[in-house]
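Okay, structure first, notes after.
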Amino acid sequence: MNLHEYQSKELFSHYNIPIPVGFLATTIEQVKNYVDKLNNNAVIKAQIHSGGRGKAGGVKLVSSIDESESFTKSILGKFLITPQTGSKGIKVNKLLVEEATSIDREIYFSIVIDNNDYAPMIICSTEGGMDIEEVSRTMPEKIIKTVCSPILGVSNYKIRKICEELNIPKSLIPNFTEIVNSLYKLFIEKDCILVEINPLVITKEQKVIALDAKINIDDDALFRQKSLKDIEDKSQLEKLEIEANRNDLSYVKLEGGRVGCMVNGAGLAMATMDITKWAGAQPANFLDIGGSATVEKIESAFKIIVSDKDVEVILVNLFAGIARSDVVANGIINAAKETESKIPLVISMRGTNSEEGLKLLNNSNLDITTATDLENAANILKQKLSQGDI
Amino acid sequence: MNLHEYQSKELFSHYNIPIPVGFLATTIEQVKNYVDKLNNNAVIKAQIHSGGRGKAGGVKLVSSIDESESFTKSILGKFLITPQTGSKGIKVNKLLVEEATSIDREIYFSIVIDNNDYAPMIICSTEGGMDIEEVSRTMPEKIIKTVCSPILGVSNYKIRKICEELNIPKSLIPNFTEIVNSLYKLFIEKDCILVEINPLVITKEQKVIALDAKINIDDDALFRQKSLKDIEDKSQLEKLEIEANRNDLSYVKLEGGRVGCMVNGAGLAMATMDITKWAGAQPANFLDIGGSATVEKIESAFKIIVSDKDVEVILVNLFAGIARSDVVANGIINAAKETESKIPLVISMRGTNSEEGLKLLNNSNLDITTATDLENAANILKQKLSQGDI
Amino acid sequence: MSILVDKNTKLLIQGVGRDGSFQALRMMEYGTNIVSAVHPGREGSKFENKIPYFSSVSKAINETGANTGIIFVPAPFAKDAIIEQIDSNLELVVCITEGVPIHDMIEIKNYLQTKTTRLLGPNCPGIITPKSKTKVGIIPGNIVSPGNIGVVSRSGTLTYEAISQLAQYGYGQSTCIGIGGDPINGTSFVDALKLFQEDEETEAVVLIGEIGGNKEQEAATFIQNYMSKPVIANIAGQTAPEGKRMGHAGAIVTGESGLASAKNISLKNAGAHVVESSAYIGKKVKEVLS
Amino acid sequence: MSILVDKNTKLLIQGVGRDGSFQALRMMEYGTNIVSAVHPGREGSKFENKIPYFSSVSKAINETGANTGIIFVPAPFAKDAIIEQIDSNLELVVCITEGVPIHDMIEIKNYLQTKTTRLLGPNCPGIITPKSKTKVGIIPGNIVSPGNIGVVSRSGTLTYEAISQLAQYGYGQSTCIGIGGDPINGTSFVDALKLFQEDEETEAVVLIGEIGGNKEQEAATFIQNYMSKPVIANIAGQTAPEGKRMGHAGAIVTGESGLASAKNISLKNAGAHVVESSAYIGKKVKEVLS
């Protein structure tokens, strides 16, 4: 789950990590009011779940009320398109109005999870304020990676080394050390998979301030991060994604496809995508029903797929382990009848209780072609495509 | 460092561990006022650094203002002698006045450090409110030991097992679990070497409450537990102990002895005690100057020893490693001159810079007999004793 | 022989809710020797009038001599169950539960380093040895058959796919092991390959990877240095758009290694037989072994 | 041969304040090969115009090939220095510092279980091997001499006492090792006995224990099961009044095992030669070896 910049900064504040003075605005009047408060020297930042906002025109330094008004008019309530949003863009509902900062140096700082060492890893660089992937490609020697210890946290000697490599002025080392420790604490306590500050700046007044903030929480841990779960901004998700999340399904919309795919398991989903593409078709979406599944869950999954207007054929690829084929079959049949869907189905159903499941499907009077396996399913799809059935 | 019961309970309160309503009193008027507030149904408890207060008459259940007044008069400002205090007892300066609790069951609960597993260990028993060492001797099967993990803390399954063994009513398990987790957190965060609740009670109203509280903090960690260091009750220590603590010396007063002992290292201290006793003498005290030592520290050590009126001869047993014999010699000479002490010295001085040290001592005109080693020192002592020199 | 589970396996099952009890029955039907069950509040009674319930793992082991554990408890309680089983020194612990928080897995992995138990999973289909009719997990028993192919996979359902393709070409399996799809888990490809290399009954290994991480590259290094048996490898997600989960900083950690193309190259260079389409795994095995 | 340190020891010293620099000079005088020093803010300069300073342990190792570390930094910073040295994979880390918080040692011990470094101390006098003139610690060099007695002790100053008594009776030492007096430390009696048992130059071992804990009992078990060489043992604190530090609950953990009498009995039963008075350690060695 992604947090907005303003939400991340609120968390920073709780952990005593310095941030610029700022206010959240949802109307032009508020923006103007805050810019006035900040002596007409402010930065206005669109709050959407995407990087690359700056280049896309989502961040603006303003030095007058008029300027703030015209910028706000141009962006608030509009869809902002960045390299990460897709062609539709994401709607800007909130703006963060912050005091402008006089920057001396920009540092990149983040904490991620290092799967190889089973530990949090600090990544930092003297090249802050830039696209860090770009830095990693062109100046790999400028990327400093520090593996932490889940037993010990961030040892002080590691922070000393980071300070040395980032060339932090001696007078700021205690301050910087505190920020690193606080960020680490936040990372652990809030079940983060990413905490990123780009840039972390040293101001001309020699203060260390988190100018940006990006936090990503482990979805699997939201059960114990209720306060964060509650602030999730659902307006940033597609309607169908929200519906899927609510039913504990994993839904991914893909652009330009015609095949709606219902599968169980991420690996099989990917294999299904590979096969579909090689058959000459494009998936319109992916709905992974996961392991354990109830009839209700399958019904909801089916309804989500048929709500996608791009879907012309539905490919169900089920290999049941913990899931039960009969349950899945019942869910599909119920939902197809309820929605009166006429979309043809290609279904491969194997594994636990698959005989019962196939029997149910074959007796259902729905437009179903059953496939024996992955290869067969691909061939049926290919055939339907070439026959112009879909 | 020991905390008083009322201080321990204050800490408990910060960690949301339930304690009885109570007030700290230092005057009779306060006690009467609080007993009135508590509807004449209160327990008054002497706040001294010692166990066994109950049996020694330091705890009293009162049901009227008069009763509280007469008990307070009998104890406040007086010395309370318990099996743990020595014959002088400890002065009672503070009384804790608490609401009386209707007890259904008494449980013993503590966390200590298990040196073998390098981990905190929870010790508990259904036999609360009793001397736990007695329980351990007579009913060892009633002692439940649970080793925690420094990596994981107290795993929930361990708490479930404890609840089962203590037969905690099902409705109280969530409550009890929270208390265990809070106590563990306190134990870790406050650098405790002991947290003990005896008894932890289940009241007739089915609440879990810490009726008593004992906390012992690692002296070596006080540098980072400043708030606790600040509340240390120095009135509970001997004057000379305070002086020693202030100079980072380890001082132990022993009753009935005549030999003041200055040594470096706990092992050598114990060996010196063994030798002294076997020579027929009794140590009056022990002053371990530890590893690194400055002239000032040695001066202060010497002054502490000669302030002890029981001391008739001083035995210095130094085997210098990180300490330097010349530094120790200079400290002794300076302090002896300054205090004009006439107490004879038996000095064994070996190790780092011992030649320089012995030279300084021999040129000092003090009443010094130098010994070549431990055995020799013991023989000199024996000789002096038999000659009636001391 | 086989790896990790066989006729000596005495299984303890923890978490006997809807999925756990359903799968316990499937395991028993298949032939697995389930000796005890751990589920809160059921001590004294028996699962299916046969398998005694206990309130704790240690009690269950003391009473029934279980040497292997399987976990079906919900994700919020999975860490505690895993730790309880590890602390009880079971030889093998299989965690089927999906959705275990990654910070929990960090703690578990670090804790495991001080212990002797092997953990398989979480978020995995478990393990099955057809010859001894032992299944610890949820791999459907009717799709496997005794034979000499070892199967190891990050993906549950793709494992079944691979097994069913092997059947089409007449190949049975020595042991099939699903290591689970989470970024941090108990048993790695390398661990499984090591066991298969040492296992007399395994003639060749099918390895099914996925995009993301660099565990397939680690497997490649092991194959190159230590495997004498043929390895047929398939990476799912050849056509997948780049994942977003870890964001940009995450991509720096693994760099390009997460791409299917990078994994294919590593595996090819290590001497593995790479099959690009998941539909032709069985066919490729036939080709390699003929 | 000797144990842990010898002529191949290349020492890094961390914390070169008043005590550290004084002891560094003593070590150099004795013959120890100190190759680098780590002290904040001194990088670029040299200790005694000879030994280069570095800002971090890893740099010091990279530049000078140190394989052993010694720590003199003040107690509040000792944990960090120990971890830094462990993380740099030094073979042996000796921590002289006293007063390290016990909770720090808990973390360090658990961390060590996942690492290969051996820690000696904290609160210990270190180690000295007279034959190769190598001293890593603060044991006075002028009291030891080459020979065949191994010395291991919990107490710093009592170690010196024992060595000096050995000298009186004409015995030199293979290696003397002070494991430190703290309840939780890096190297135990058992670890040291194991090394002495395997060391060709060690003929007999002097073990000096103290009241408290049960490490001497663990040593006794090891002596009984694995030691063929004679062990002469002395426990300090025979006449000490019972300690109070851990209070009552603490006493339950160790029970009676902390008493000198209990330790003496265990050691005697294990076949060790127990000498009750610390003044007669040398005499006892003579008696045993004659």
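Going through the structure tokens in order, the chains are called A, B, and so on, while each chain numbers its residues from 1 and the ligands are numbered from 1 in the order shown.
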
Which residues of chain C are close to chain D, meaning at most 12 Å apart when you count only C-alpha atoms, and how do they look as a ChimeraX atom specification?
/C:109-115

Residues of chain B near chain C: apply a cut-off of 8 Å, count only C-alpha atoms, and supply the list as an NGL selection string.
:B and (151-152 or 155-157 or 161)

Export N, CA and C atoms of the chosen residues as a PDB file, in the first residue's frame?
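The resulting file, out-v1.pdb, is shown below:
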```pdb
ATOM      1  N   ILE B 151      15.928 -12.212  19.736  1.00  0.00           N
ATOM      2  CA  ILE B 151      15.565 -11.852  18.359  1.00  0.00           C
ATOM      3  C   ILE B 151      14.062 -11.643  18.264  1.00  0.00           C
ATOM      4  N   LEU B 152      13.299 -12.479  18.941  1.00  0.00           N
ATOM      5  CA  LEU B 152      11.850 -12.493  18.744  1.00  0.00           C
ATOM      6  C   LEU B 152      11.049 -11.944  19.917  1.00  0.00           C
ATOM      7  N   SER B 155       7.486 -15.034  22.369  1.00  0.00           N
ATOM      8  CA  SER B 155       6.544 -15.549  21.374  1.00  0.00           C
ATOM      9  C   SER B 155       5.202 -15.824  22.043  1.00  0.00           C
ATOM     10  N   ASN B 156       4.160 -15.598  21.271  1.00  0.00           N
ATOM     11  CA  ASN B 156       2.817 -15.775  21.805  1.00  0.00           C
ATOM     12  C   ASN B 156       2.554 -17.192  22.310  1.00  0.00           C
ATOM     13  N   TYR B 157       3.112 -18.166  21.621  1.00  0.00           N
ATOM     14  CA  TYR B 157       2.845 -19.545  22.051  1.00  0.00           C
ATOM     15  C   TYR B 157       3.408 -19.797  23.444  1.00  0.00           C
ATOM     16  N   LYS B 161       1.324 -20.993  26.743  1.00  0.00           N
ATOM     17  CA  LYS B 161       1.727 -22.095  27.633  1.00  0.00           C
ATOM     18  C   LYS B 161       1.765 -21.644  29.087  1.00  0.00           C
TER      19      LYS B 161
END
```

Find the spatial neighbours of B:Leu228, counting only C-alpha atoms, within a cut-off of 12 Å - ignore same-chain residues fewer than 5 positions away - and output them as a PyMOL selection string.
chain B and resi 1-4+7-8+10-11+189-192+215-219+221-223+233

Separating atom CA of B:Leu200 from atom CA of B:Glu178, to the nearest tenth of an Å, is a gap of 13.7 Å

Quick one: residues within 9 Å of C:Ala204, only C-alpha atoms counted, chain neighbours fewer than 3 positions away excluded, as a count of residues only?
12

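Atom CA of A:Leu361 sits 16.1 Å away from atom CA of A:Asp373.
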
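Minimum atom-to-atom distances from A:Pro150, A:Thr272, A:Val92, A:Gln387 to chain B were compared using only C-alpha atoms, and the lowest value belongs to A:Pro150.
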
Excluding same-chain residues fewer than 3 positions from B:Ala25, what lies within 8 Å of it counting only C-alpha atoms, as a VMD selection string?
chain B and resid 28 30 to 31 94 to 97

Run DSSP on the backbone and grab whatever in stretch 40-77 of chain D lands in strand (DSSP E); send it over as a PyMOL selection string.
chain D and resi 46-47+51-54+68-71

Okay, now the selection with N, CA, C and O atoms, as a compact mmCIF listing (two decimals), in the first residue's frame?
```
# COMPACT_ATOMS: atom_id res chain seq x y z
N LYS D 46 49.76 8.63 12.32
CA LYS D 46 50.25 7.33 12.77
C LYS D 46 50.47 7.31 14.27
O LYS D 46 50.94 8.28 14.85
N PHE D 47 50.17 6.17 14.88
CA PHE D 47 50.43 6.00 16.30
C PHE D 47 51.92 5.73 16.47
O PHE D 47 52.48 4.84 15.82
N ILE D 51 52.30 3.16 13.38
CA ILE D 51 51.11 2.36 13.07
C ILE D 51 50.01 3.26 12.52
O ILE D 51 49.55 4.18 13.20
N PRO D 52 49.59 3.00 11.27
CA PRO D 52 48.63 3.90 10.63
C PRO D 52 47.25 3.85 11.27
O PRO D 52 46.76 2.78 11.62
N TYR D 53 46.66 5.03 11.44
CA TYR D 53 45.29 5.15 11.93
C TYR D 53 44.29 5.08 10.77
O TYR D 53 44.57 5.60 9.70
N PHE D 54 43.14 4.48 11.02
CA PHE D 54 42.06 4.47 10.03
C PHE D 54 40.75 4.87 10.72
O PHE D 54 40.63 4.77 11.93
N THR D 68 43.32 -9.99 13.68
CA THR D 68 42.89 -10.02 15.07
C THR D 68 42.64 -8.59 15.53
O THR D 68 43.34 -7.68 15.08
N GLY D 69 41.65 -8.41 16.38
CA GLY D 69 41.35 -7.06 16.84
C GLY D 69 41.34 -6.98 18.35
O GLY D 69 41.02 -7.96 19.04
N ILE D 70 41.72 -5.83 18.88
CA ILE D 70 41.60 -5.61 20.32
C ILE D 70 40.88 -4.28 20.55
O ILE D 70 41.08 -3.33 19.80
N ILE D 71 40.03 -4.26 21.56
CA ILE D 71 39.14 -3.11 21.79
C ILE D 71 39.38 -2.51 23.17
O ILE D 71 39.33 -3.22 24.18
```

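We find atom CA of A:Ala269 and atom CA of C:Gly147 to be spaced 27.8 Å apart.
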
Report as number ranges by chain all protein, DNA and RNA residues lying within 10 Å of D:Asn214, evaluated on only C-alpha atoms, omitting residues in the same chain fewer than 3 positions from it.
B: 115-116; D: 183, 209-211, 217-220, 254-259, 262-263

Got time to write the residues from that selection, N, CA and C atoms, as a short mmCIF file (atom, residue, chain, number, x, y, z; two decimals), in the first residue's frame?
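Writing the result to result.cif gives the following:
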```
data_model
loop_
_atom_site.label_atom_id
_atom_site.label_comp_id
_atom_site.auth_asym_id
_atom_site.auth_seq_id
_atom_site.Cartn_x
_atom_site.Cartn_y
_atom_site.Cartn_z
N ASN B 115 21.91 -16.37 31.92
CA ASN B 115 23.26 -16.26 31.36
C ASN B 115 23.63 -17.44 30.47
N ASN B 116 22.97 -18.56 30.67
CA ASN B 116 23.33 -19.74 29.86
C ASN B 116 22.77 -19.67 28.46
N PRO D 183 29.05 -12.08 33.41
CA PRO D 183 28.21 -13.29 33.33
C PRO D 183 27.98 -13.78 31.89
N GLY D 209 38.48 -20.26 38.50
CA GLY D 209 37.08 -19.85 38.45
C GLY D 209 36.75 -18.91 39.57
N GLU D 210 35.47 -18.60 39.64
CA GLU D 210 34.97 -17.70 40.66
C GLU D 210 33.60 -18.20 41.09
N ILE D 211 33.13 -17.70 42.21
CA ILE D 211 31.75 -18.00 42.60
C ILE D 211 30.78 -17.35 41.62
N GLN D 217 30.98 -25.59 36.24
CA GLN D 217 30.36 -26.91 36.14
C GLN D 217 30.38 -27.40 34.69
N GLU D 218 30.12 -26.48 33.76
CA GLU D 218 30.21 -26.85 32.34
C GLU D 218 31.62 -27.31 32.01
N ALA D 219 32.60 -26.58 32.59
CA ALA D 219 34.00 -26.97 32.38
C ALA D 219 34.23 -28.37 32.94
N ALA D 220 33.67 -28.65 34.11
CA ALA D 220 33.85 -29.96 34.74
C ALA D 220 33.32 -31.06 33.82
N THR D 254 20.24 -20.10 38.81
CA THR D 254 21.45 -20.92 38.93
C THR D 254 21.38 -21.87 40.11
N GLY D 255 20.47 -21.62 41.03
CA GLY D 255 20.35 -22.50 42.18
C GLY D 255 21.62 -22.47 43.01
N GLU D 256 22.03 -23.63 43.49
CA GLU D 256 23.19 -23.72 44.37
C GLU D 256 24.51 -23.73 43.58
N SER D 257 24.39 -23.78 42.26
CA SER D 257 25.61 -24.01 41.48
C SER D 257 26.59 -22.87 41.58
N GLY D 258 26.13 -21.69 42.04
CA GLY D 258 27.03 -20.55 42.12
C GLY D 258 28.02 -20.64 43.27
N LEU D 259 27.77 -21.50 44.23
CA LEU D 259 28.65 -21.59 45.41
C LEU D 259 29.99 -22.23 45.07
N ALA D 262 30.03 -26.02 45.56
CA ALA D 262 29.42 -26.81 44.49
C ALA D 262 30.38 -26.94 43.31
N LYS D 263 31.08 -25.86 43.01
CA LYS D 263 32.01 -25.89 41.88
C LYS D 263 33.18 -26.83 42.18
#
```

Selection: 9 Å around stretch 332-338 of chain B, only C-alpha atoms, excl. self and same-chain fewer than 3 positions, as a VMD selection string
chain B and resid 295 to 296 298 to 303 306 327 to 329 341 to 343 360 to 361 364 366

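With only C-alpha atoms as the atoms that count, the residue of C:Leu158, C:Ala272, C:Ile34, C:Ile184 with the shortest distance to C:Ser21 is C:Ile34.
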
Helix (DSSP H, G or I) residues, from DSSP on the backbone, in stretch 70-241 of chain D, as a PyMOL selection string
chain D and resi 75-87+102-112+141-143+156-168+189-198+215-226

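For the choices A:Ser149, A:Asn245, A:Ser325, A:Ser354, the atom-to-atom distance to chain B is smallest for A:Ser149 when using only C-alpha atoms.
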